[in-house]
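**Q** See coords18.cif below, with mmCIF, N, CA and C atoms.
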```
data_my_file
loop_
_atom_site.label_atom_id
_atom_site.label_comp_id
_atom_site.auth_asym_id
_atom_site.auth_seq_id
_atom_site.Cartn_x
_atom_site.Cartn_y
_atom_site.Cartn_z
N MET A 1370 -1.06 162.34 19.73
CA MET A 1370 -2.41 162.19 19.21
C MET A 1370 -2.31 161.62 17.79
N ALA A 1371 -2.89 160.48 17.56
CA ALA A 1371 -2.89 159.88 16.22
C ALA A 1371 -4.02 160.50 15.40
N MET A 1372 -3.75 160.73 14.14
CA MET A 1372 -4.75 161.33 13.25
C MET A 1372 -5.20 160.29 12.24
N ASP A 1373 -6.47 160.40 11.85
CA ASP A 1373 -6.96 159.54 10.78
C ASP A 1373 -6.37 160.01 9.46
N LEU A 1374 -6.02 159.07 8.62
CA LEU A 1374 -5.46 159.42 7.32
C LEU A 1374 -6.57 159.84 6.36
N LEU A 1375 -6.31 160.88 5.58
CA LEU A 1375 -7.23 161.28 4.54
C LEU A 1375 -7.26 160.19 3.47
N GLN A 1376 -8.42 160.00 2.89
CA GLN A 1376 -8.55 158.98 1.86
C GLN A 1376 -7.54 159.26 0.74
N GLY A 1377 -6.85 158.23 0.29
CA GLY A 1377 -5.85 158.39 -0.76
C GLY A 1377 -4.44 158.65 -0.24
N THR A 1378 -4.33 159.03 1.03
CA THR A 1378 -3.03 159.33 1.60
C THR A 1378 -2.23 158.07 1.84
N LEU A 1379 -2.89 157.03 2.31
CA LEU A 1379 -2.19 155.80 2.68
C LEU A 1379 -1.41 155.20 1.52
N ASP A 1380 -1.99 155.20 0.34
CA ASP A 1380 -1.30 154.62 -0.82
C ASP A 1380 0.05 155.29 -1.07
N VAL A 1381 0.07 156.61 -1.06
CA VAL A 1381 1.33 157.31 -1.33
C VAL A 1381 2.32 157.11 -0.18
N LEU A 1382 1.84 157.01 1.05
CA LEU A 1382 2.73 156.75 2.17
C LEU A 1382 3.36 155.37 2.07
N ILE A 1383 2.59 154.40 1.64
CA ILE A 1383 3.12 153.04 1.45
C ILE A 1383 4.15 153.04 0.33
N LEU A 1384 3.83 153.68 -0.78
CA LEU A 1384 4.78 153.72 -1.89
C LEU A 1384 6.09 154.37 -1.46
N LYS A 1385 6.01 155.47 -0.72
CA LYS A 1385 7.22 156.15 -0.25
C LYS A 1385 8.00 155.25 0.70
N THR A 1386 7.32 154.60 1.61
CA THR A 1386 7.97 153.70 2.57
C THR A 1386 8.73 152.60 1.83
N LEU A 1387 8.10 152.02 0.82
CA LEU A 1387 8.72 150.92 0.08
C LEU A 1387 9.80 151.41 -0.88
N SER A 1388 9.91 152.72 -1.09
CA SER A 1388 10.97 153.23 -1.95
C SER A 1388 12.34 153.05 -1.28
N TRP A 1389 12.36 152.86 0.03
CA TRP A 1389 13.61 152.68 0.76
C TRP A 1389 14.12 151.25 0.67
N GLU A 1390 13.20 150.27 0.84
CA GLU A 1390 13.58 148.86 0.79
C GLU A 1390 12.32 148.01 0.88
N PRO A 1391 12.38 146.76 0.45
CA PRO A 1391 11.23 145.86 0.63
C PRO A 1391 10.93 145.69 2.12
N MET A 1392 9.66 145.63 2.47
CA MET A 1392 9.25 145.48 3.87
C MET A 1392 7.99 144.64 3.96
N HIS A 1393 7.78 144.05 5.13
CA HIS A 1393 6.52 143.35 5.39
C HIS A 1393 5.55 144.37 6.01
N GLY A 1394 4.29 143.98 6.10
CA GLY A 1394 3.25 144.91 6.53
C GLY A 1394 3.51 145.59 7.85
N TYR A 1395 3.88 144.82 8.87
CA TYR A 1395 4.12 145.43 10.18
C TYR A 1395 5.25 146.45 10.12
N ALA A 1396 6.30 146.15 9.36
CA ALA A 1396 7.42 147.09 9.24
C ALA A 1396 6.99 148.38 8.53
N ILE A 1397 6.10 148.26 7.54
CA ILE A 1397 5.58 149.45 6.85
C ILE A 1397 4.84 150.33 7.84
N SER A 1398 3.94 149.72 8.60
CA SER A 1398 3.15 150.46 9.59
C SER A 1398 4.06 151.12 10.62
N ARG A 1399 5.06 150.39 11.11
CA ARG A 1399 5.99 150.90 12.12
C ARG A 1399 6.80 152.07 11.55
N TRP A 1400 7.26 151.95 10.29
CA TRP A 1400 8.07 153.00 9.67
C TRP A 1400 7.27 154.30 9.56
N ILE A 1401 6.01 154.18 9.13
CA ILE A 1401 5.16 155.38 9.00
C ILE A 1401 4.94 156.01 10.38
N ARG A 1402 4.63 155.19 11.38
CA ARG A 1402 4.42 155.71 12.73
C ARG A 1402 5.68 156.39 13.26
N GLN A 1403 6.85 155.76 13.09
CA GLN A 1403 8.10 156.34 13.59
C GLN A 1403 8.46 157.61 12.83
N ARG A 1404 8.32 157.58 11.53
CA ARG A 1404 8.70 158.72 10.69
C ARG A 1404 7.85 159.95 10.98
N THR A 1405 6.60 159.74 11.42
CA THR A 1405 5.69 160.86 11.70
C THR A 1405 5.60 161.16 13.19
N ASP A 1406 6.56 160.65 13.97
CA ASP A 1406 6.55 160.84 15.42
C ASP A 1406 5.21 160.44 16.03
N ALA A 1407 4.66 159.34 15.54
CA ALA A 1407 3.41 158.73 16.03
C ALA A 1407 2.17 159.59 15.78
N VAL A 1408 2.28 160.58 14.90
CA VAL A 1408 1.10 161.37 14.55
C VAL A 1408 0.19 160.55 13.64
N LEU A 1409 0.80 159.79 12.72
CA LEU A 1409 0.02 158.93 11.83
C LEU A 1409 0.19 157.49 12.25
N SER A 1410 -0.94 156.82 12.41
CA SER A 1410 -0.94 155.41 12.78
C SER A 1410 -1.85 154.69 11.79
N VAL A 1411 -1.38 153.58 11.25
CA VAL A 1411 -2.13 152.86 10.22
C VAL A 1411 -2.76 151.61 10.82
N GLU A 1412 -4.07 151.51 10.69
CA GLU A 1412 -4.77 150.31 11.17
C GLU A 1412 -4.46 149.15 10.25
N ASP A 1413 -4.34 147.96 10.83
CA ASP A 1413 -3.99 146.76 10.06
C ASP A 1413 -4.92 146.54 8.87
N ALA A 1414 -6.23 146.62 9.09
CA ALA A 1414 -7.18 146.35 8.01
C ALA A 1414 -6.96 147.31 6.84
N ALA A 1415 -6.80 148.59 7.15
CA ALA A 1415 -6.60 149.60 6.10
C ALA A 1415 -5.28 149.36 5.38
N LEU A 1416 -4.24 148.99 6.13
CA LEU A 1416 -2.93 148.73 5.54
C LEU A 1416 -3.00 147.59 4.53
N TYR A 1417 -3.58 146.47 4.95
CA TYR A 1417 -3.59 145.31 4.05
C TYR A 1417 -4.53 145.49 2.87
N GLN A 1418 -5.62 146.24 3.06
CA GLN A 1418 -6.48 146.57 1.91
C GLN A 1418 -5.70 147.40 0.91
N ALA A 1419 -4.93 148.37 1.40
CA ALA A 1419 -4.14 149.23 0.52
C ALA A 1419 -3.05 148.41 -0.17
N LEU A 1420 -2.36 147.53 0.56
CA LEU A 1420 -1.32 146.71 -0.05
C LEU A 1420 -1.89 145.84 -1.17
N HIS A 1421 -3.03 145.23 -0.93
CA HIS A 1421 -3.65 144.39 -1.97
C HIS A 1421 -4.08 145.23 -3.17
N ARG A 1422 -4.61 146.42 -2.92
CA ARG A 1422 -5.03 147.32 -4.00
C ARG A 1422 -3.82 147.74 -4.84
N LEU A 1423 -2.72 148.11 -4.19
CA LEU A 1423 -1.51 148.53 -4.90
C LEU A 1423 -0.91 147.37 -5.69
N GLU A 1424 -1.02 146.16 -5.14
CA GLU A 1424 -0.49 144.98 -5.85
C GLU A 1424 -1.35 144.68 -7.09
N ARG A 1425 -2.66 144.79 -6.95
CA ARG A 1425 -3.55 144.57 -8.11
C ARG A 1425 -3.28 145.58 -9.23
N LYS A 1426 -2.91 146.80 -8.85
CA LYS A 1426 -2.61 147.85 -9.83
C LYS A 1426 -1.22 147.70 -10.44
N GLY A 1427 -0.43 146.76 -9.92
CA GLY A 1427 0.92 146.56 -10.43
C GLY A 1427 1.94 147.56 -9.92
N LEU A 1428 1.61 148.28 -8.84
CA LEU A 1428 2.52 149.29 -8.31
C LEU A 1428 3.50 148.70 -7.30
N ILE A 1429 3.12 147.56 -6.71
CA ILE A 1429 4.02 146.82 -5.82
C ILE A 1429 3.90 145.34 -6.15
N GLU A 1430 4.88 144.58 -5.70
CA GLU A 1430 4.83 143.13 -5.84
C GLU A 1430 5.27 142.53 -4.52
N SER A 1431 4.95 141.26 -4.31
CA SER A 1431 5.27 140.65 -3.03
C SER A 1431 5.88 139.27 -3.20
N GLU A 1432 6.60 138.87 -2.15
CA GLU A 1432 7.11 137.50 -2.09
C GLU A 1432 7.28 137.15 -0.62
N TRP A 1433 7.19 135.86 -0.34
CA TRP A 1433 7.31 135.39 1.04
C TRP A 1433 8.78 135.33 1.45
N GLY A 1434 9.03 135.66 2.72
CA GLY A 1434 10.37 135.59 3.27
C GLY A 1434 10.29 135.44 4.77
N LEU A 1435 11.42 135.55 5.45
CA LEU A 1435 11.46 135.46 6.91
C LEU A 1435 11.68 136.85 7.50
N SER A 1436 10.88 137.15 8.52
CA SER A 1436 11.02 138.44 9.20
C SER A 1436 12.22 138.41 10.13
N GLU A 1437 12.50 139.57 10.74
CA GLU A 1437 13.65 139.68 11.63
C GLU A 1437 13.56 138.74 12.83
N ASN A 1438 12.35 138.30 13.19
CA ASN A 1438 12.23 137.34 14.29
C ASN A 1438 11.87 135.93 13.77
N ASN A 1439 12.35 135.64 12.57
CA ASN A 1439 12.26 134.29 11.97
C ASN A 1439 10.84 133.79 11.72
N ARG A 1440 9.92 134.68 11.45
CA ARG A 1440 8.56 134.30 11.11
C ARG A 1440 8.35 134.52 9.62
N ARG A 1441 7.50 133.67 9.05
CA ARG A 1441 7.15 133.83 7.64
C ARG A 1441 6.36 135.13 7.46
N ALA A 1442 6.77 135.94 6.51
CA ALA A 1442 6.10 137.22 6.27
C ALA A 1442 6.13 137.53 4.78
N LYS A 1443 5.11 138.22 4.33
CA LYS A 1443 5.06 138.64 2.93
C LYS A 1443 5.75 140.00 2.82
N TYR A 1444 6.79 140.05 1.99
CA TYR A 1444 7.54 141.28 1.77
C TYR A 1444 7.06 141.95 0.49
N TYR A 1445 6.87 143.25 0.57
CA TYR A 1445 6.39 144.04 -0.56
C TYR A 1445 7.51 144.93 -1.06
N GLN A 1446 7.54 145.15 -2.37
CA GLN A 1446 8.51 146.08 -2.95
C GLN A 1446 7.87 146.82 -4.12
N LEU A 1447 8.43 147.99 -4.40
CA LEU A 1447 7.93 148.81 -5.52
C LEU A 1447 8.29 148.16 -6.85
N THR A 1448 7.40 148.31 -7.80
CA THR A 1448 7.72 147.98 -9.19
C THR A 1448 8.14 149.28 -9.87
N GLN A 1449 8.59 149.17 -11.11
CA GLN A 1449 8.94 150.40 -11.85
C GLN A 1449 7.71 151.30 -11.99
N ALA A 1450 6.55 150.69 -12.22
CA ALA A 1450 5.30 151.48 -12.31
C ALA A 1450 5.02 152.17 -10.98
N GLY A 1451 5.33 151.50 -9.88
CA GLY A 1451 5.14 152.10 -8.56
C GLY A 1451 6.04 153.30 -8.34
N ARG A 1452 7.29 153.21 -8.81
CA ARG A 1452 8.22 154.34 -8.69
C ARG A 1452 7.72 155.55 -9.50
N THR A 1453 7.22 155.26 -10.69
CA THR A 1453 6.67 156.32 -11.53
C THR A 1453 5.46 156.97 -10.86
N GLN A 1454 4.58 156.14 -10.31
CA GLN A 1454 3.38 156.63 -9.62
C GLN A 1454 3.77 157.46 -8.40
N LEU A 1455 4.77 157.02 -7.66
CA LEU A 1455 5.23 157.76 -6.48
C LEU A 1455 5.71 159.15 -6.87
N ARG A 1456 6.49 159.25 -7.93
CA ARG A 1456 6.96 160.58 -8.38
C ARG A 1456 5.78 161.48 -8.72
N ALA A 1457 4.81 160.96 -9.45
CA ALA A 1457 3.65 161.76 -9.84
C ALA A 1457 2.84 162.19 -8.61
N GLU A 1458 2.59 161.26 -7.72
CA GLU A 1458 1.78 161.58 -6.53
C GLU A 1458 2.50 162.52 -5.58
N THR A 1459 3.82 162.40 -5.48
CA THR A 1459 4.59 163.30 -4.63
C THR A 1459 4.44 164.73 -5.13
N SER A 1460 4.53 164.91 -6.43
CA SER A 1460 4.37 166.24 -7.02
C SER A 1460 2.97 166.80 -6.74
N GLU A 1461 1.96 165.96 -6.92
CA GLU A 1461 0.57 166.39 -6.66
C GLU A 1461 0.37 166.76 -5.20
N TRP A 1462 0.91 165.95 -4.27
CA TRP A 1462 0.75 166.23 -2.85
C TRP A 1462 1.45 167.52 -2.45
N ARG A 1463 2.61 167.79 -3.04
CA ARG A 1463 3.31 169.05 -2.74
C ARG A 1463 2.45 170.24 -3.16
N GLN A 1464 1.89 170.17 -4.36
CA GLN A 1464 1.03 171.27 -4.84
C GLN A 1464 -0.18 171.44 -3.93
N TYR A 1465 -0.79 170.32 -3.55
CA TYR A 1465 -1.96 170.35 -2.67
C TYR A 1465 -1.62 170.98 -1.33
N ALA A 1466 -0.52 170.52 -0.70
CA ALA A 1466 -0.12 171.04 0.61
C ALA A 1466 0.20 172.52 0.53
N GLU A 1467 0.91 172.95 -0.51
CA GLU A 1467 1.23 174.36 -0.67
C GLU A 1467 -0.04 175.20 -0.80
N ALA A 1468 -1.01 174.70 -1.54
CA ALA A 1468 -2.26 175.43 -1.71
C ALA A 1468 -3.02 175.55 -0.38
N VAL A 1469 -3.07 174.47 0.39
CA VAL A 1469 -3.75 174.50 1.69
C VAL A 1469 -3.06 175.48 2.63
N PHE A 1470 -1.71 175.44 2.67
CA PHE A 1470 -0.98 176.37 3.55
C PHE A 1470 -1.19 177.82 3.14
N LYS A 1471 -1.34 178.09 1.86
CA LYS A 1471 -1.61 179.47 1.42
C LYS A 1471 -2.90 179.98 2.04
N VAL A 1472 -3.89 179.11 2.13
CA VAL A 1472 -5.16 179.51 2.75
C VAL A 1472 -4.99 179.62 4.26
N LEU A 1473 -4.36 178.64 4.90
CA LEU A 1473 -4.23 178.64 6.35
C LEU A 1473 -3.35 179.77 6.87
N GLU A 1474 -2.38 180.19 6.09
CA GLU A 1474 -1.45 181.22 6.54
C GLU A 1474 -1.93 182.64 6.23
N THR A 1475 -3.08 182.75 5.64
CA THR A 1475 -3.64 184.07 5.34
C THR A 1475 -4.04 184.76 6.65
N ALA A 1476 -3.58 185.99 6.81
CA ALA A 1476 -3.84 186.73 8.06
C ALA A 1476 -5.27 187.21 8.12
#
```
Translate the structure described by the file into structure tokens.
**A**
Amino acid sequence: MAMDLLQGTLDVLILKTLSWEPMHGYAISRWIRQRTDAVLSVEDAALYQALHRLERKGLIESEWGLSENNRRAKYYQLTQAGRTQLRAETSEWRQYAEAVFKVLETA
């Protein structure tokens, strides 16, 4: 069962995905789907809106290259500002998740 992403979640997932290596859009979407055992699925429109938003903020940058099947694709990678943002957001998400679980696990 695929779940809709909470607003603001997609940006941090993209930043984390790109922390491993530069990727094109389809590879980012596939990595998130595989990593979450298909629980999270990213729609193309939402993915590219988020990529453009992150690029405008200077958190990622892009350049054209060839994909694994020899097609032209735009590859995205983290900037130093993106790495800093990822660390901050990861900390915030951990605190948020811990707080939610404290409520959910209450007997």
**Q** Report the residues retrieved by the PyMOL selection byres (((chain A and resi 1440-1446 and name CA) around 7) and name CA) from the displayed file, expressed as a PyMOL selection string.
**A** chain A and resi 1387+1390-1393+1429-1436+1438-1439+1447-1448
**Q** So which residues get picked by the PyMOL selection byres ((chain A and resi 1428) around 8) here, written as an MDAnalysis selection string?
**A** chainID A and resid 1384 1422:1427 1429:1430 1446:1454
**Q** For the structure provided, state which residues fall under the PyMOL selection byres (((chain A and resi 1385 and name CA) around 10) and name CA), and present them as JSON, numbers by chain.
**A** {"A": [1379, 1380, 1381, 1382, 1383, 1384, 1386, 1387, 1388, 1389, 1390, 1397, 1401, 1447, 1451, 1452, 1455, 1456, 1458, 1459]}
**Q** How would the residues just chosen look if you wrote them out with N, CA and C atoms as a short mmCIF file (atom, residue, chain, number, x, y, z; two decimals), in the frame of the given file?
**A**
```cif
data_model
loop_
_atom_site.label_atom_id
_atom_site.label_comp_id
_atom_site.auth_asym_id
_atom_site.auth_seq_id
_atom_site.Cartn_x
_atom_site.Cartn_y
_atom_site.Cartn_z
N LEU A 1379 -2.89 157.03 2.31
CA LEU A 1379 -2.19 155.80 2.68
C LEU A 1379 -1.41 155.20 1.52
N ASP A 1380 -1.99 155.20 0.34
CA ASP A 1380 -1.30 154.62 -0.82
C ASP A 1380 0.05 155.29 -1.07
N VAL A 1381 0.07 156.61 -1.06
CA VAL A 1381 1.33 157.31 -1.33
C VAL A 1381 2.32 157.11 -0.18
N LEU A 1382 1.84 157.01 1.05
CA LEU A 1382 2.73 156.75 2.17
C LEU A 1382 3.36 155.37 2.07
N ILE A 1383 2.59 154.40 1.64
CA ILE A 1383 3.12 153.04 1.45
C ILE A 1383 4.15 153.04 0.33
N LEU A 1384 3.83 153.68 -0.78
CA LEU A 1384 4.78 153.72 -1.89
C LEU A 1384 6.09 154.37 -1.46
N THR A 1386 7.32 154.60 1.61
CA THR A 1386 7.97 153.70 2.57
C THR A 1386 8.73 152.60 1.83
N LEU A 1387 8.10 152.02 0.82
CA LEU A 1387 8.72 150.92 0.08
C LEU A 1387 9.80 151.41 -0.88
N SER A 1388 9.91 152.72 -1.09
CA SER A 1388 10.97 153.23 -1.95
C SER A 1388 12.34 153.05 -1.28
N TRP A 1389 12.36 152.86 0.03
CA TRP A 1389 13.61 152.68 0.76
C TRP A 1389 14.12 151.25 0.67
N GLU A 1390 13.20 150.27 0.84
CA GLU A 1390 13.58 148.86 0.79
C GLU A 1390 12.32 148.01 0.88
N ILE A 1397 6.10 148.26 7.54
CA ILE A 1397 5.58 149.45 6.85
C ILE A 1397 4.84 150.33 7.84
N ILE A 1401 6.01 154.18 9.13
CA ILE A 1401 5.16 155.38 9.00
C ILE A 1401 4.94 156.01 10.38
N LEU A 1447 8.43 147.99 -4.40
CA LEU A 1447 7.93 148.81 -5.52
C LEU A 1447 8.29 148.16 -6.85
N GLY A 1451 5.33 151.50 -9.88
CA GLY A 1451 5.14 152.10 -8.56
C GLY A 1451 6.04 153.30 -8.34
N ARG A 1452 7.29 153.21 -8.81
CA ARG A 1452 8.22 154.34 -8.69
C ARG A 1452 7.72 155.55 -9.50
N LEU A 1455 4.77 157.02 -7.66
CA LEU A 1455 5.23 157.76 -6.48
C LEU A 1455 5.71 159.15 -6.87
N ARG A 1456 6.49 159.25 -7.93
CA ARG A 1456 6.96 160.58 -8.38
C ARG A 1456 5.78 161.48 -8.72
N GLU A 1458 2.59 161.26 -7.72
CA GLU A 1458 1.78 161.58 -6.53
C GLU A 1458 2.50 162.52 -5.58
N THR A 1459 3.82 162.40 -5.48
CA THR A 1459 4.59 163.30 -4.63
C THR A 1459 4.44 164.73 -5.13
#
```
**Q** One decimal, Å: what's the distance from atom C of Val1411 of chain A over to atom CA of Trp1462 of chain A, could you say?
**A**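 Here the two named atoms are 20.3 Å from each other.
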**Q** As a PyMOL selection string, which residues of chain A does DSSP assign to alpha helix (DSSP H)?
**A** chain A and resi 1378-1387+1394-1404+1413-1425+1449-1473
**Q** When you draw a straight line from atom CA of Thr1475 of chain A to atom N of Ser1460 of chain A, how long is it in Å?
**A** 23.9 Å
**Q** Apply DSSP to the structure's backbone, then extract all residues of segment 1371-1435 of chain A labelled strand (DSSP E or B) and return them as a list of chain:residue names.
**A**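 Strand (DSSP E or B) assignments inside segment 1371-1435 of chain A correspond to A:Met1372, A:Met1392, A:His1393, A:Leu1409, A:Ile1429, A:Glu1430, A:Ser1431, A:Glu1432, A:Trp1433, A:Gly1434, A:Leu1435.
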